[in-house]
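Below is the file upload.json, which contains JSON, C-alpha atoms.
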```json
[["chain", "number", "residue", "atom", "x", "y", "z"],
["A", 14, "MET", "CA", -233.17, -86.64, 16.65],
["A", 15, "ASP", "CA", -231.26, -83.39, 16.45],
["A", 16, "VAL", "CA", -229.07, -82.79, 13.42],
["A", 17, "SER", "CA", -226.41, -80.13, 13.80],
["A", 18, "ARG", "CA", -224.77, -78.07, 11.10],
["A", 19, "ARG", "CA", -221.62, -80.05, 11.69],
["A", 20, "ASP", "CA", -223.47, -83.32, 10.96],
["A", 21, "MET", "CA", -224.87, -81.79, 7.79],
["A", 22, "ALA", "CA", -221.41, -80.59, 6.71],
["A", 23, "VAL", "CA", -219.92, -84.05, 7.23],
["A", 24, "ALA", "CA", -222.80, -85.71, 5.38],
["A", 25, "GLY", "CA", -222.44, -83.23, 2.52],
["A", 26, "ALA", "CA", -218.71, -83.83, 2.25],
["A", 27, "VAL", "CA", -219.23, -87.60, 2.16],
["A", 28, "ALA", "CA", -221.99, -87.23, -0.45],
["A", 29, "LEU", "CA", -219.75, -85.10, -2.67],
["A", 30, "ALA", "CA", -216.68, -87.34, -2.30],
["A", 31, "ALA", "CA", -218.37, -90.73, -2.67],
["A", 32, "PRO", "CA", -219.05, -90.61, -6.43],
["A", 33, "GLY", "CA", -215.47, -89.57, -7.12],
["A", 34, "LEU", "CA", -214.13, -92.39, -4.98],
["A", 35, "LEU", "CA", -216.42, -94.93, -6.61],
["A", 36, "LEU", "CA", -215.85, -93.74, -10.17],
["A", 37, "GLY", "CA", -212.13, -93.17, -9.66],
["A", 38, "GLY", "CA", -211.42, -96.86, -10.09],
["A", 39, "PHE", "CA", -213.40, -97.02, -13.31],
["A", 40, "THR", "CA", -211.77, -93.88, -14.68],
["A", 41, "SER", "CA", -208.29, -95.26, -14.01],
["A", 42, "ALA", "CA", -209.18, -98.57, -15.66],
["A", 43, "ASP", "CA", -210.70, -96.76, -18.65],
["A", 44, "ALA", "CA", -207.65, -94.49, -18.94],
["A", 45, "ALA", "CA", -205.31, -97.48, -18.83],
["A", 46, "ALA", "CA", -207.33, -99.26, -21.52],
["A", 47, "ASP", "CA", -207.38, -96.12, -23.69],
["A", 48, "GLU", "CA", -203.62, -95.66, -23.22],
["A", 49, "ALA", "CA", -203.05, -99.26, -24.31],
["A", 50, "ALA", "CA", -205.33, -98.78, -27.34],
["A", 51, "VAL", "CA", -203.51, -95.61, -28.42],
["A", 52, "THR", "CA", -200.14, -97.33, -27.96],
["A", 53, "GLU", "CA", -201.39, -100.20, -30.11],
["A", 54, "ASN", "CA", -202.55, -97.77, -32.82],
["A", 55, "VAL", "CA", -199.18, -96.00, -32.78],
["A", 56, "GLU", "CA", -197.61, -99.40, -33.47],
["A", 57, "ILE", "CA", -200.13, -100.11, -36.26],
["A", 58, "LEU", "CA", -199.19, -96.73, -37.77],
["A", 59, "ARG", "CA", -195.45, -97.49, -37.48],
["A", 60, "LYS", "CA", -195.84, -100.86, -39.23],
["A", 61, "ALA", "CA", -198.10, -99.34, -41.90],
["A", 62, "LEU", "CA", -195.53, -96.60, -42.62],
["A", 63, "LEU", "CA", -192.74, -99.17, -42.79],
["A", 64, "GLY", "CA", -194.64, -101.55, -45.07],
["A", 65, "ALA", "CA", -196.56, -98.91, -47.06],
["A", 66, "GLU", "CA", -199.86, -100.55, -46.08],
["A", 67, "LYS", "CA", -202.56, -98.30, -47.51],
["A", 68, "THR", "CA", -205.49, -100.04, -45.79],
["A", 69, "ARG", "CA", -203.87, -99.71, -42.37],
["A", 70, "LEU", "CA", -202.96, -96.07, -42.96],
["A", 71, "GLU", "CA", -206.56, -95.33, -43.92],
["A", 72, "GLN", "CA", -207.73, -97.23, -40.84],
["A", 73, "VAL", "CA", -205.76, -95.20, -38.29],
["A", 74, "ALA", "CA", -205.78, -91.74, -39.92],
["A", 75, "ALA", "CA", -208.72, -89.45, -39.23],
["A", 76, "ALA", "CA", -210.43, -87.87, -42.23],
["A", 77, "GLN", "CA", -209.43, -84.46, -40.82],
["A", 78, "ILE", "CA", -205.74, -85.34, -40.27],
["A", 79, "SER", "CA", -203.10, -82.63, -40.41],
["A", 80, "TYR", "CA", -199.83, -84.47, -41.08],
["A", 81, "GLY", "CA", -196.84, -82.18, -40.57],
["A", 82, "HIS", "CA", -193.30, -83.02, -41.63],
["A", 83, "SER", "CA", -190.10, -81.73, -40.03],
["A", 84, "ASP", "CA", -189.39, -79.65, -43.16],
["A", 85, "GLY", "CA", -192.61, -77.68, -42.65],
["A", 86, "ARG", "CA", -194.85, -79.43, -45.19],
["A", 87, "VAL", "CA", -198.38, -80.16, -43.99],
["A", 88, "GLU", "CA", -200.52, -82.78, -45.71],
["A", 89, "THR", "CA", -204.15, -83.87, -45.79],
["A", 90, "LYS", "CA", -205.09, -87.53, -45.40],
["A", 91, "GLU", "CA", -205.04, -88.11, -49.15],
["A", 92, "GLN", "CA", -201.66, -86.39, -49.56],
["A", 93, "PHE", "CA", -200.15, -88.21, -46.58],
["A", 94, "ILE", "CA", -201.21, -91.67, -47.74],
["A", 95, "ASN", "CA", -200.29, -90.96, -51.37],
["A", 96, "GLY", "CA", -196.84, -89.79, -50.22],
["A", 97, "VAL", "CA", -196.24, -93.06, -48.37],
["A", 98, "MET", "CA", -197.49, -95.16, -51.27],
["A", 99, "THR", "CA", -195.38, -93.38, -53.94],
["A", 100, "ARG", "CA", -192.18, -92.69, -51.99],
["A", 101, "LYS", "CA", -188.99, -93.34, -53.89],
["A", 102, "GLN", "CA", -186.77, -94.41, -50.99],
["A", 103, "VAL", "CA", -186.84, -97.93, -49.62],
["A", 104, "VAL", "CA", -187.42, -97.87, -45.86],
["A", 105, "LYS", "CA", -185.27, -100.61, -44.31],
["A", 106, "SER", "CA", -186.30, -100.05, -40.68],
["A", 107, "LEU", "CA", -188.53, -97.73, -38.67],
["A", 108, "ALA", "CA", -188.63, -97.44, -34.90],
["A", 109, "PHE", "CA", -190.46, -95.13, -32.50],
["A", 110, "PRO", "CA", -188.21, -95.19, -29.40],
["A", 111, "GLU", "CA", -188.98, -93.17, -26.28],
["A", 112, "LEU", "CA", -192.75, -93.45, -26.86],
["A", 113, "LYS", "CA", -194.83, -91.65, -24.24],
["A", 114, "VAL", "CA", -198.64, -91.65, -24.38],
["A", 115, "ALA", "CA", -200.99, -89.49, -22.31],
["A", 116, "VAL", "CA", -204.78, -89.77, -22.57],
["A", 117, "VAL", "CA", -207.05, -86.87, -21.66],
["A", 118, "GLY", "CA", -210.73, -87.68, -22.20],
["A", 119, "ASP", "CA", -211.29, -88.45, -25.87],
["A", 120, "ALA", "CA", -207.87, -87.09, -26.88],
["A", 121, "ALA", "CA", -204.39, -88.50, -26.53],
["A", 122, "ILE", "CA", -200.90, -87.19, -27.06],
["A", 123, "ALA", "CA", -198.08, -89.47, -28.20],
["A", 124, "ARG", "CA", -194.48, -88.28, -28.34],
["A", 125, "HIS", "CA", -191.57, -90.31, -29.67],
["A", 126, "ILE", "CA", -188.41, -90.30, -31.71],
["A", 127, "TYR", "CA", -188.88, -91.19, -35.39],
["A", 128, "LEU", "CA", -185.85, -93.28, -36.30],
["A", 129, "ALA", "CA", -185.63, -94.64, -39.85],
["A", 130, "GLU", "CA", -183.00, -96.30, -41.98],
["A", 131, "SER", "CA", -183.67, -95.97, -45.70],
["A", 132, "GLU", "CA", -181.99, -96.17, -49.07],
["A", 133, "LEU", "CA", -182.40, -94.06, -52.20],
["A", 134, "ASP", "CA", -180.41, -94.72, -55.37],
["A", 135, "GLY", "CA", -177.95, -96.90, -53.44],
["A", 136, "LYS", "CA", -177.32, -94.23, -50.78],
["A", 137, "ALA", "CA", -178.17, -95.12, -47.16],
["A", 138, "THR", "CA", -179.82, -92.46, -45.01],
["A", 139, "THR", "CA", -180.69, -92.27, -41.33],
["A", 140, "THR", "CA", -183.57, -90.06, -40.26],
["A", 141, "ARG", "CA", -183.82, -89.13, -36.57],
["A", 142, "ILE", "CA", -186.46, -86.55, -35.70],
["A", 143, "GLY", "CA", -188.96, -85.93, -32.93],
["A", 144, "ALA", "CA", -192.66, -86.55, -33.49],
["A", 145, "LEU", "CA", -195.80, -85.38, -31.76],
["A", 146, "GLN", "CA", -199.04, -87.18, -32.53],
["A", 147, "VAL", "CA", -202.53, -86.16, -31.47],
["A", 148, "TRP", "CA", -205.11, -88.96, -31.39],
["A", 149, "GLN", "CA", -208.88, -88.57, -30.98],
["A", 150, "LYS", "CA", -211.45, -91.19, -30.08],
["A", 151, "GLN", "CA", -213.97, -91.18, -32.94],
["A", 152, "ASN", "CA", -216.90, -93.60, -32.84],
["A", 153, "GLY", "CA", -215.08, -95.82, -30.36],
["A", 154, "SER", "CA", -211.78, -96.01, -32.31],
["A", 155, "TRP", "CA", -208.61, -93.98, -31.85],
["A", 156, "LYS", "CA", -207.70, -91.99, -34.97],
["A", 157, "LEU", "CA", -204.59, -89.97, -35.73],
["A", 158, "LEU", "CA", -205.86, -86.39, -35.93],
["A", 159, "ALA", "CA", -202.55, -84.54, -36.14],
["A", 160, "ARG", "CA", -198.86, -85.32, -36.42],
["A", 161, "GLN", "CA", -195.92, -82.98, -36.40],
["A", 162, "GLY", "CA", -192.32, -83.95, -37.00],
["A", 163, "PHE", "CA", -189.58, -81.65, -35.73],
["A", 164, "ARG", "CA", -185.81, -81.46, -35.80],
["A", 165, "LEU", "CA", -184.04, -82.55, -32.67],
["A", 166, "PRO", "CA", -181.11, -80.63, -31.23],
["A", 167, "ALA", "CA", -177.70, -81.91, -32.31],
["A", 168, "PRO", "CA", -176.22, -84.42, -29.87],
["A", 169, "ALA", "CA", -173.87, -82.80, -27.39]]
```
Translate this file's structure into structure tokens.
Amino acid sequence: MDVSRRDMAVAGAVALAAPGLLLGGFTSADAAADEAAVTENVEILRKALLGAEKTRLEQVAAAQISYGHSDGRVETKEQFINGVMTRKQVVKSLAFPELKVAVVGDAAIARHIYLAESELDGKATTTRIGALQVWQKQNGSWKLLARQGFRLPAPA
């Protein structure tokens, strides 16, 4: 049996493409599962911030977290959790509308609006800022590695 260079080229192309085709389905399924897990952890974080749930905050925050506020303050894990637990204002509601999650390997990016209604000394306040979260898969669990709040442009 004679094998031409053309036959070898076709066989090589098939050999190189086959693993990608076979693994492509698994990668998509894994990415979808990871995206769902990150989305779930963003919701756990939102509820923990709203209810000042220390255990949940500790659960989702990475030890190395860099938690940035829209006013420029940056906090460690201890500072971030302590700030939530000792805050003076009463948070009435907290929503993360416009949530978008993108997973890239063992990292994920979540972007959303941070929309809160709170009260301090009888005065109601609405907070509406943008937020960027960076999540990292650590030992099989998604942890919040970085968060940065930022001011949004004034509505037109």
Query raised in the report: So, counting only C-alpha atoms, which residue among A:Tyr80, A:Trp148, A:Phe93, A:Phe109 is closest to Lys60 (chain A)?
Result: A:Phe109
Requested in this report: One decimal, Å: what's the distance from CA of Ser41 (chain A) over to CA of Val55 (chain A), could you say?
Outcome: 20.9 Å
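Those residues that approach region 156-158 of chain A to within 8 Å, counting all atoms listed in the file, are A:Gln72, A:Val73, A:Ala74, A:Ala75, A:Ala76, A:Gln77, A:Ile78, A:Ser79, A:Gln146, A:Val147, A:Trp148, A:Gln149, A:Lys150, A:Gln151; same-chain residues fewer than 5 positions away are not listed.
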Kindly compute an axis-aligned box around the listed atoms of region 51-55 of chain A, allowing 5 Å on each side, and express its centre and edge lengths in Å to one decimal as lines of an AutoDock Vina configuration file.
```
center_x = -201.3
center_y = -97.9
center_z = -30.4
size_x = 14.3
size_y = 14.6
size_z = 14.9
```
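Nearest residue to Ala137 (chain A) among A:Gln102, A:Ile122, A:Arg160, A:Ala167 is A:Gln102, counting all atoms listed in the file.
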Query raised in the report: Skipping near chain neighbours, those fewer than 4 positions away, what residues fall within 10 Å of Leu107 (chain A) using only C-alpha atoms, listed as a ChimeraX atom specification?
Result: /A:59-60,62-64,127-131,139-140
Take the residues that were just selected and, keeping C-alpha atoms, output them as a CSV table (one decimal), in the frame of the given file.
```
chain,number,residue,atom,x,y,z
A,59,ARG,CA,-195.4,-97.5,-37.5
A,60,LYS,CA,-195.8,-100.9,-39.2
A,62,LEU,CA,-195.5,-96.6,-42.6
A,63,LEU,CA,-192.7,-99.2,-42.8
A,64,GLY,CA,-194.6,-101.6,-45.1
A,127,TYR,CA,-188.9,-91.2,-35.4
A,128,LEU,CA,-185.8,-93.3,-36.3
A,129,ALA,CA,-185.6,-94.6,-39.8
A,130,GLU,CA,-183.0,-96.3,-42.0
A,131,SER,CA,-183.7,-96.0,-45.7
A,139,THR,CA,-180.7,-92.3,-41.3
A,140,THR,CA,-183.6,-90.1,-40.3
```
Query raised in the report: In terms of the shortest atom-to-atom distance over all atoms listed in the file, which of A:Ala44, A:Val87, A:Ala115, A:Ala108 is closest to Leu58 (chain A)?
Result: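 Of the candidates, the smallest distance to Leu58 (chain A) is held by A:Ala108.
Those residues that approach Ala144 (chain A) to within 7 Å, counting only C-alpha atoms, are Arg124, His125, Ile126, Tyr127, Ile142, Gln146, Arg160, Gln161, Gly162 and Phe163 of chain A; same-chain residues fewer than 2 positions away are not listed.
One distance worth recording is that between CA of Asn95 (chain A) and CA of Asp119 (chain A), which is 27.9 Å.
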Query raised in the report: So how far away is CA of Leu70 (chain A) from CA of Gln92 (chain A), in Å?
Result: 11.8 Å
Query raised in the report: Which of these, A:Ala42, A:Leu165, A:Ala61, A:Val117, has the shortest distance to Arg141 (chain A) once you count all atoms listed in the file?
Result: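 Closest candidate: A:Leu165.
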Could you write region 46-58 of chain A as an mmCIF file, in the coordinates of the input, with N, CA and C atoms rebuilt where they are missing?
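Below is the file part-v2.cif, written as the result:
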```cif
data_model
loop_
_atom_site.group_PDB
_atom_site.id
_atom_site.type_symbol
_atom_site.label_atom_id
_atom_site.label_comp_id
_atom_site.auth_asym_id
_atom_site.auth_seq_id
_atom_site.Cartn_x
_atom_site.Cartn_y
_atom_site.Cartn_z
ATOM 1 N N ALA A 46 -206.912 -98.572 -20.297
ATOM 2 C CA ALA A 46 -207.330 -99.260 -21.520
ATOM 3 C C ALA A 46 -207.173 -98.351 -22.735
ATOM 4 N N ASP A 47 -207.535 -97.077 -22.585
ATOM 5 C CA ASP A 47 -207.380 -96.120 -23.690
ATOM 6 C C ASP A 47 -205.902 -95.914 -24.018
ATOM 7 N N GLU A 48 -205.062 -95.826 -22.987
ATOM 8 C CA GLU A 48 -203.620 -95.660 -23.220
ATOM 9 C C GLU A 48 -203.066 -96.860 -23.984
ATOM 10 N N ALA A 49 -203.496 -98.048 -23.611
ATOM 11 C CA ALA A 49 -203.050 -99.260 -24.310
ATOM 12 C C ALA A 49 -203.540 -99.262 -25.754
ATOM 13 N N ALA A 50 -204.774 -98.812 -25.981
ATOM 14 C CA ALA A 50 -205.330 -98.780 -27.340
ATOM 15 C C ALA A 50 -204.590 -97.765 -28.207
ATOM 16 N N VAL A 51 -204.260 -96.615 -27.656
ATOM 17 C CA VAL A 51 -203.510 -95.610 -28.420
ATOM 18 C C VAL A 51 -202.116 -96.142 -28.731
ATOM 19 N N THR A 52 -201.467 -96.745 -27.749
ATOM 20 C CA THR A 52 -200.140 -97.330 -27.960
ATOM 21 C C THR A 52 -200.181 -98.375 -29.064
ATOM 22 N N GLU A 53 -201.228 -99.184 -29.068
ATOM 23 C CA GLU A 53 -201.390 -100.200 -30.110
ATOM 24 C C GLU A 53 -201.574 -99.543 -31.482
ATOM 25 N N ASN A 54 -202.346 -98.464 -31.542
ATOM 26 C CA ASN A 54 -202.550 -97.770 -32.820
ATOM 27 C C ASN A 54 -201.285 -97.071 -33.305
ATOM 28 N N VAL A 55 -200.475 -96.583 -32.387
ATOM 29 C CA VAL A 55 -199.180 -96.000 -32.780
ATOM 30 C C VAL A 55 -198.331 -97.088 -33.436
ATOM 31 N N GLU A 56 -198.372 -98.289 -32.886
ATOM 32 C CA GLU A 56 -197.610 -99.400 -33.470
ATOM 33 C C GLU A 56 -198.188 -99.812 -34.823
ATOM 34 N N ILE A 57 -199.505 -99.812 -34.957
ATOM 35 C CA ILE A 57 -200.130 -100.110 -36.260
ATOM 36 C C ILE A 57 -199.676 -99.070 -37.281
ATOM 37 N N LEU A 58 -199.655 -97.797 -36.884
ATOM 38 C CA LEU A 58 -199.190 -96.730 -37.770
ATOM 39 C C LEU A 58 -197.734 -96.950 -38.163
#
```
